[in-house]
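I have placed the structure first, in the form of structure tokens, so that the comments after it can refer back to it.
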Amino acid sequence: MNSKNTISQPLVLSFLIIFSLIFACMGTWRPFFFDIDEPKYISAAMEMAARGDWLHPMFGGLPRMQKPPLPYWLSAPLIDFFGSGFSNGTQLFIARIPAILSSVLTVIATYMTGKKLGSEKCGIFAALLLAVAPPFKIEGMMLKADIIYTAAVSWSTYFFLRRFQGQRGGLNLTGAGICMALGILSRGPFALPPLAGYLCAEFFRRNSSKEDSFLSAAVTTLKKEIVPILMGLVACIPFLLWISAASSPGMDYIGGMLNNVSENTSYATSPLIHHLQSLGFYLFEAGIIFFPLGLFGLYGTFSHLRNKTDRNKNIGMLLWTALFYLLINFFIYRLRAHRYFLPIMPILSIIAVNWLLTAKRDKTFKRVFFGCTALACAIPVGIGAIVLYSGQISVNLWRNAQITDFGTQTLPFAIAAAVLSIVICMAALKYYKKPQTFLAIIFGATLLFYPAYFNACPDVDGHGMMQPDSLLGNNLARSIGKLPAGNYTFIASRRSLRIHPELHFFLRKAIDKSKAGYLVTLPFNINKIRSMLLDPKATALTLKEEGNTRTPLYKSIQNTEPTHTVLILNSLELTLMYRSPKTATMLKTRIKSTQIIGLNHDWETRGLYLLTLP
């Protein structure tokens, strides 16, 4: 390495860290959720911080058993340190700091891997274009396992690439092992594809020599790479230790995670029919995943796979690693959402940039280049047209939120989308022989598009009111704040929290602020709900019989003397309650009912009911 590169690397790293950190923070201070799962993660982290129990992730007083604990372990200490007395937006920003840092780490890992694979320019452009890619930006704003998992496996991929290139020292292998362990603690054994990709690349490199047969190459690879294989097994130990320590009757985390995997892998129809029926969804998702450079990456992947020499060189390790991720997505997660492709995006970005920088400018390149550019340009135009036509913008949890001002929100977004497409198209026409200039223009144009997107998204106005409408949970929290002083037991049906997961965050904030009591969740059962309203302690005995005596839900009901009980139901559940003669009499004579309406995940025209029993 010459002196120029040695001097420039710290400057490049500093720029990438500062830029990716500032950009990752954009939008994270907004007091609403972009995803249906994030409220569960943040609420579980808040419960962990409030209880001081760092071993058992809980949601609604019951074990949250779907995912390993690393996201909660990273967020809960921050919540515990800073406290929970902040505004909703500030509280969410604090909880999201691990996600922000994970996205920054992923960008840096992409730069380091791209530089190691190709050149410093490859690393810089791959990192920058990954940072501004819409799915990476949106997923990187949310506290979930996905972005933390992506950061961990991106770094383990980098360390294994170094080993594949000949740097076989113990420090390098230790780094890979630590990153795999963190990935496993965030998403289980699905963090092992970098090891599988490395072993596969080593096997094909040995098998390509004339001296080794297929079987001989496999045996030799296993013998010579026994240390990385053992390191992969060792990386599973922290996860297994947590499972062993956390699982007990009523808190079967291993059973919960296995059930979650079983649910993800089950098909209502045959797998072939399922995937055929999902083609429309896949095309829609591909439009998001493959913007702006994914299509170039796909062709770059195809050209490398077609070239036997490339398959057996450094880029082969990335190709096999991406293949294992794709197989996991296909068979485990059934390609259900673009967030499952996060670990592939850094690899795809590197391959796309490397291909654009190094490909021979012949007729084939020109046809492929303009074909990919045309498809990339069609994506923002289509999204802008949909938003302009419908007056709504998709922000996931706020599914197709209504934009209130056509002139200042809808129209600027559509114009920005059209301008982005035009800029990409013009850059391709003028600079297809100058890839660095083309990539720089795409990066700048995509970056400048985000202010128009966030301007069109729901926000808080100058008077502190949420626009276009208040969240259901926000309105519910306001109603709780108006309740008279007392010791309350708040009971929410699991269905309500499952359909409106943001409720739990706003409810916990309101309850913690007022110090009014504890929030518990129960399955909707008319008899149990009626019993809970009349005698919470007696109902706690049924929880004891179910083996849940260690849960905060059971302990709260058993150890408190509430002066009031508040039941939170949706409109359908309230109707079923009124259909029961005994319950209807109780509701009419003893309960004060307040309807709560607000923008929510599924029921835009129906709200919840807050039922207060003295």
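Residues in the structure tokens are numbered from 1 in each chain, the chains being A, B, ... in the order shown, and ligands are numbered from 1 in the order shown.
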* Would you list the contacts of His304 of chain A as an MDAnalysis selection string, taking every protein, DNA or RNA residue within 10 Å and counting only C-alpha atoms, but skipping same-chain residues closer than 3 positions in sequence? => chainID A and resid 298:301 307:313 315:316 319 351 355
I'd like the contact shell of Glu225 of chain A - 12 Å cut-off, only C-alpha atoms, skipping same-chain residues fewer than 3 positions apart - returned as a PDB file with N, CA, C and O atoms, in the first residue's frame.
```pdb
ATOM      1  N   PHE A 160     -13.940 -13.200   7.127  1.00  0.00           N
ATOM      2  CA  PHE A 160     -13.725 -14.438   6.376  1.00  0.00           C
ATOM      3  C   PHE A 160     -13.123 -14.159   5.001  1.00  0.00           C
ATOM      4  O   PHE A 160     -12.347 -14.974   4.486  1.00  0.00           O
ATOM      5  N   ARG A 163      -9.509 -13.896   5.522  1.00  0.00           N
ATOM      6  CA  ARG A 163      -8.915 -15.225   5.682  1.00  0.00           C
ATOM      7  C   ARG A 163      -8.811 -15.914   4.327  1.00  0.00           C
ATOM      8  O   ARG A 163      -7.797 -16.566   4.030  1.00  0.00           O
ATOM      9  N   PHE A 164      -9.812 -15.773   3.492  1.00  0.00           N
ATOM     10  CA  PHE A 164      -9.803 -16.393   2.169  1.00  0.00           C
ATOM     11  C   PHE A 164      -8.664 -15.839   1.321  1.00  0.00           C
ATOM     12  O   PHE A 164      -8.103 -16.551   0.478  1.00  0.00           O
ATOM     13  N   ARG A 168      -4.606 -15.548   7.708  1.00  0.00           N
ATOM     14  CA  ARG A 168      -5.159 -16.637   8.504  1.00  0.00           C
ATOM     15  C   ARG A 168      -4.772 -16.559   9.973  1.00  0.00           C
ATOM     16  O   ARG A 168      -4.744 -17.566  10.685  1.00  0.00           O
ATOM     17  N   LEU A 173      -9.555 -14.526  12.831  1.00  0.00           N
ATOM     18  CA  LEU A 173     -10.547 -15.567  13.079  1.00  0.00           C
ATOM     19  C   LEU A 173     -11.379 -15.255  14.325  1.00  0.00           C
ATOM     20  O   LEU A 173     -12.575 -15.521  14.371  1.00  0.00           O
ATOM     21  N   LEU A 195     -19.709 -18.189   7.272  1.00  0.00           N
ATOM     22  CA  LEU A 195     -18.843 -19.361   7.427  1.00  0.00           C
ATOM     23  C   LEU A 195     -19.115 -20.368   6.320  1.00  0.00           C
ATOM     24  O   LEU A 195     -18.175 -20.928   5.728  1.00  0.00           O
ATOM     25  N   ALA A 196     -20.405 -20.595   6.013  1.00  0.00           N
ATOM     26  CA  ALA A 196     -20.754 -21.542   4.946  1.00  0.00           C
ATOM     27  C   ALA A 196     -20.232 -21.056   3.599  1.00  0.00           C
ATOM     28  O   ALA A 196     -19.711 -21.851   2.797  1.00  0.00           O
ATOM     29  N   TYR A 198     -17.645 -19.097   3.079  1.00  0.00           N
ATOM     30  CA  TYR A 198     -16.190 -19.233   3.092  1.00  0.00           C
ATOM     31  C   TYR A 198     -15.769 -20.678   2.816  1.00  0.00           C
ATOM     32  O   TYR A 198     -14.872 -20.935   1.993  1.00  0.00           O
ATOM     33  N   LEU A 199     -16.397 -21.642   3.491  1.00  0.00           N
ATOM     34  CA  LEU A 199     -16.062 -23.051   3.276  1.00  0.00           C
ATOM     35  C   LEU A 199     -16.361 -23.471   1.846  1.00  0.00           C
ATOM     36  O   LEU A 199     -15.586 -24.227   1.226  1.00  0.00           O
ATOM     37  N   CYS A 200     -17.486 -22.985   1.320  1.00  0.00           N
ATOM     38  CA  CYS A 200     -17.858 -23.317  -0.057  1.00  0.00           C
ATOM     39  C   CYS A 200     -16.818 -22.756  -1.037  1.00  0.00           C
ATOM     40  O   CYS A 200     -16.414 -23.440  -1.986  1.00  0.00           O
ATOM     41  N   ALA A 201     -16.378 -21.511  -0.799  1.00  0.00           N
ATOM     42  CA  ALA A 201     -15.378 -20.904  -1.680  1.00  0.00           C
ATOM     43  C   ALA A 201     -14.050 -21.650  -1.618  1.00  0.00           C
ATOM     44  O   ALA A 201     -13.392 -21.871  -2.650  1.00  0.00           O
ATOM     45  N   GLU A 202     -13.660 -22.047  -0.410  1.00  0.00           N
ATOM     46  CA  GLU A 202     -12.410 -22.820  -0.273  1.00  0.00           C
ATOM     47  C   GLU A 202     -12.525 -24.164  -0.994  1.00  0.00           C
ATOM     48  O   GLU A 202     -11.575 -24.618  -1.642  1.00  0.00           O
ATOM     49  N   PHE A 203     -13.686 -24.788  -0.893  1.00  0.00           N
ATOM     50  CA  PHE A 203     -13.877 -26.072  -1.569  1.00  0.00           C
ATOM     51  C   PHE A 203     -13.763 -25.915  -3.091  1.00  0.00           C
ATOM     52  O   PHE A 203     -13.059 -26.679  -3.754  1.00  0.00           O
ATOM     53  N   ALA A 217     -11.349 -32.863  -2.609  1.00  0.00           N
ATOM     54  CA  ALA A 217     -11.397 -31.437  -2.279  1.00  0.00           C
ATOM     55  C   ALA A 217     -12.269 -31.188  -1.057  1.00  0.00           C
ATOM     56  O   ALA A 217     -11.947 -30.353  -0.205  1.00  0.00           O
ATOM     57  N   ALA A 218     -13.390 -31.926  -0.949  1.00  0.00           N
ATOM     58  CA  ALA A 218     -14.284 -31.765   0.201  1.00  0.00           C
ATOM     59  C   ALA A 218     -13.595 -32.192   1.491  1.00  0.00           C
ATOM     60  O   ALA A 218     -13.647 -31.489   2.518  1.00  0.00           O
ATOM     61  N   VAL A 219     -12.927 -33.348   1.466  1.00  0.00           N
ATOM     62  CA  VAL A 219     -12.244 -33.858   2.661  1.00  0.00           C
ATOM     63  C   VAL A 219     -11.097 -32.925   3.055  1.00  0.00           C
ATOM     64  O   VAL A 219     -10.914 -32.596   4.239  1.00  0.00           O
ATOM     65  N   THR A 220     -10.343 -32.475   2.072  1.00  0.00           N
ATOM     66  CA  THR A 220      -9.214 -31.577   2.354  1.00  0.00           C
ATOM     67  C   THR A 220      -9.698 -30.262   2.963  1.00  0.00           C
ATOM     68  O   THR A 220      -9.104 -29.731   3.910  1.00  0.00           O
ATOM     69  N   THR A 221     -10.797 -29.743   2.419  1.00  0.00           N
ATOM     70  CA  THR A 221     -11.357 -28.483   2.939  1.00  0.00           C
ATOM     71  C   THR A 221     -11.786 -28.635   4.390  1.00  0.00           C
ATOM     72  O   THR A 221     -11.481 -27.781   5.237  1.00  0.00           O
ATOM     73  N   LEU A 222     -12.467 -29.718   4.698  1.00  0.00           N
ATOM     74  CA  LEU A 222     -12.926 -29.939   6.066  1.00  0.00           C
ATOM     75  C   LEU A 222     -11.752 -30.088   7.030  1.00  0.00           C
ATOM     76  O   LEU A 222     -11.796 -29.604   8.167  1.00  0.00           O
ATOM     77  N   PRO A 228     -11.992 -22.823  11.733  1.00  0.00           N
ATOM     78  CA  PRO A 228     -13.178 -21.983  11.528  1.00  0.00           C
ATOM     79  C   PRO A 228     -14.485 -22.711  11.828  1.00  0.00           C
ATOM     80  O   PRO A 228     -15.434 -22.098  12.349  1.00  0.00           O
ATOM     81  N   ILE A 229     -14.532 -24.013  11.508  1.00  0.00           N
ATOM     82  CA  ILE A 229     -15.758 -24.770  11.803  1.00  0.00           C
ATOM     83  C   ILE A 229     -15.990 -24.827  13.311  1.00  0.00           C
ATOM     84  O   ILE A 229     -17.108 -24.606  13.791  1.00  0.00           O
ATOM     85  N   LEU A 230     -14.932 -25.097  14.056  1.00  0.00           N
ATOM     86  CA  LEU A 230     -15.048 -25.113  15.519  1.00  0.00           C
ATOM     87  C   LEU A 230     -15.405 -23.726  16.049  1.00  0.00           C
ATOM     88  O   LEU A 230     -16.174 -23.597  17.004  1.00  0.00           O
ATOM     89  N   MET A 231     -14.848 -22.684  15.407  1.00  0.00           N
ATOM     90  CA  MET A 231     -15.181 -21.319  15.816  1.00  0.00           C
ATOM     91  C   MET A 231     -16.673 -21.045  15.615  1.00  0.00           C
ATOM     92  O   MET A 231     -17.312 -20.368  16.429  1.00  0.00           O
ATOM     93  N   GLY A 232     -17.251 -21.577  14.529  1.00  0.00           N
ATOM     94  CA  GLY A 232     -18.687 -21.430  14.312  1.00  0.00           C
ATOM     95  C   GLY A 232     -19.501 -22.096  15.409  1.00  0.00           C
ATOM     96  O   GLY A 232     -20.519 -21.565  15.859  1.00  0.00           O
TER      97      GLY A 232
END
```
* To do: For atom CA of Lys67 of chain A and atom CA of Tyr333 of chain A, quote the distance in Å rounded to one decimal.
  => 14.0 Å
* To do: Compile the contact shell of segment 181-186 of chain A as a list in words: residues with an atom at most 6 Å away, counting only C-alpha atoms, same-chain residues fewer than 3 positions apart removed.
  => Pro68, Leu70, Ala145, Tyr149, Ala152, Ile178, Pro189, Ala191, Ala235 and Phe239 of chain A
* Write out as a count of residues only the residues lying within 12 Å of Tyr282 of chain A, counting only C-alpha atoms and excluding same-chain residues fewer than 6 positions away. => 12
* DSSP on the backbone: what in segment 93-324 of chain A comes out helix (DSSP H, G or I), as a ChimeraX atom specification? -> /A:93-117,120-132,134-139,145-164,170-191,193-207,214-224,226-235,237-246,253-265,271-277,279-289,294-306,308-311,314-324
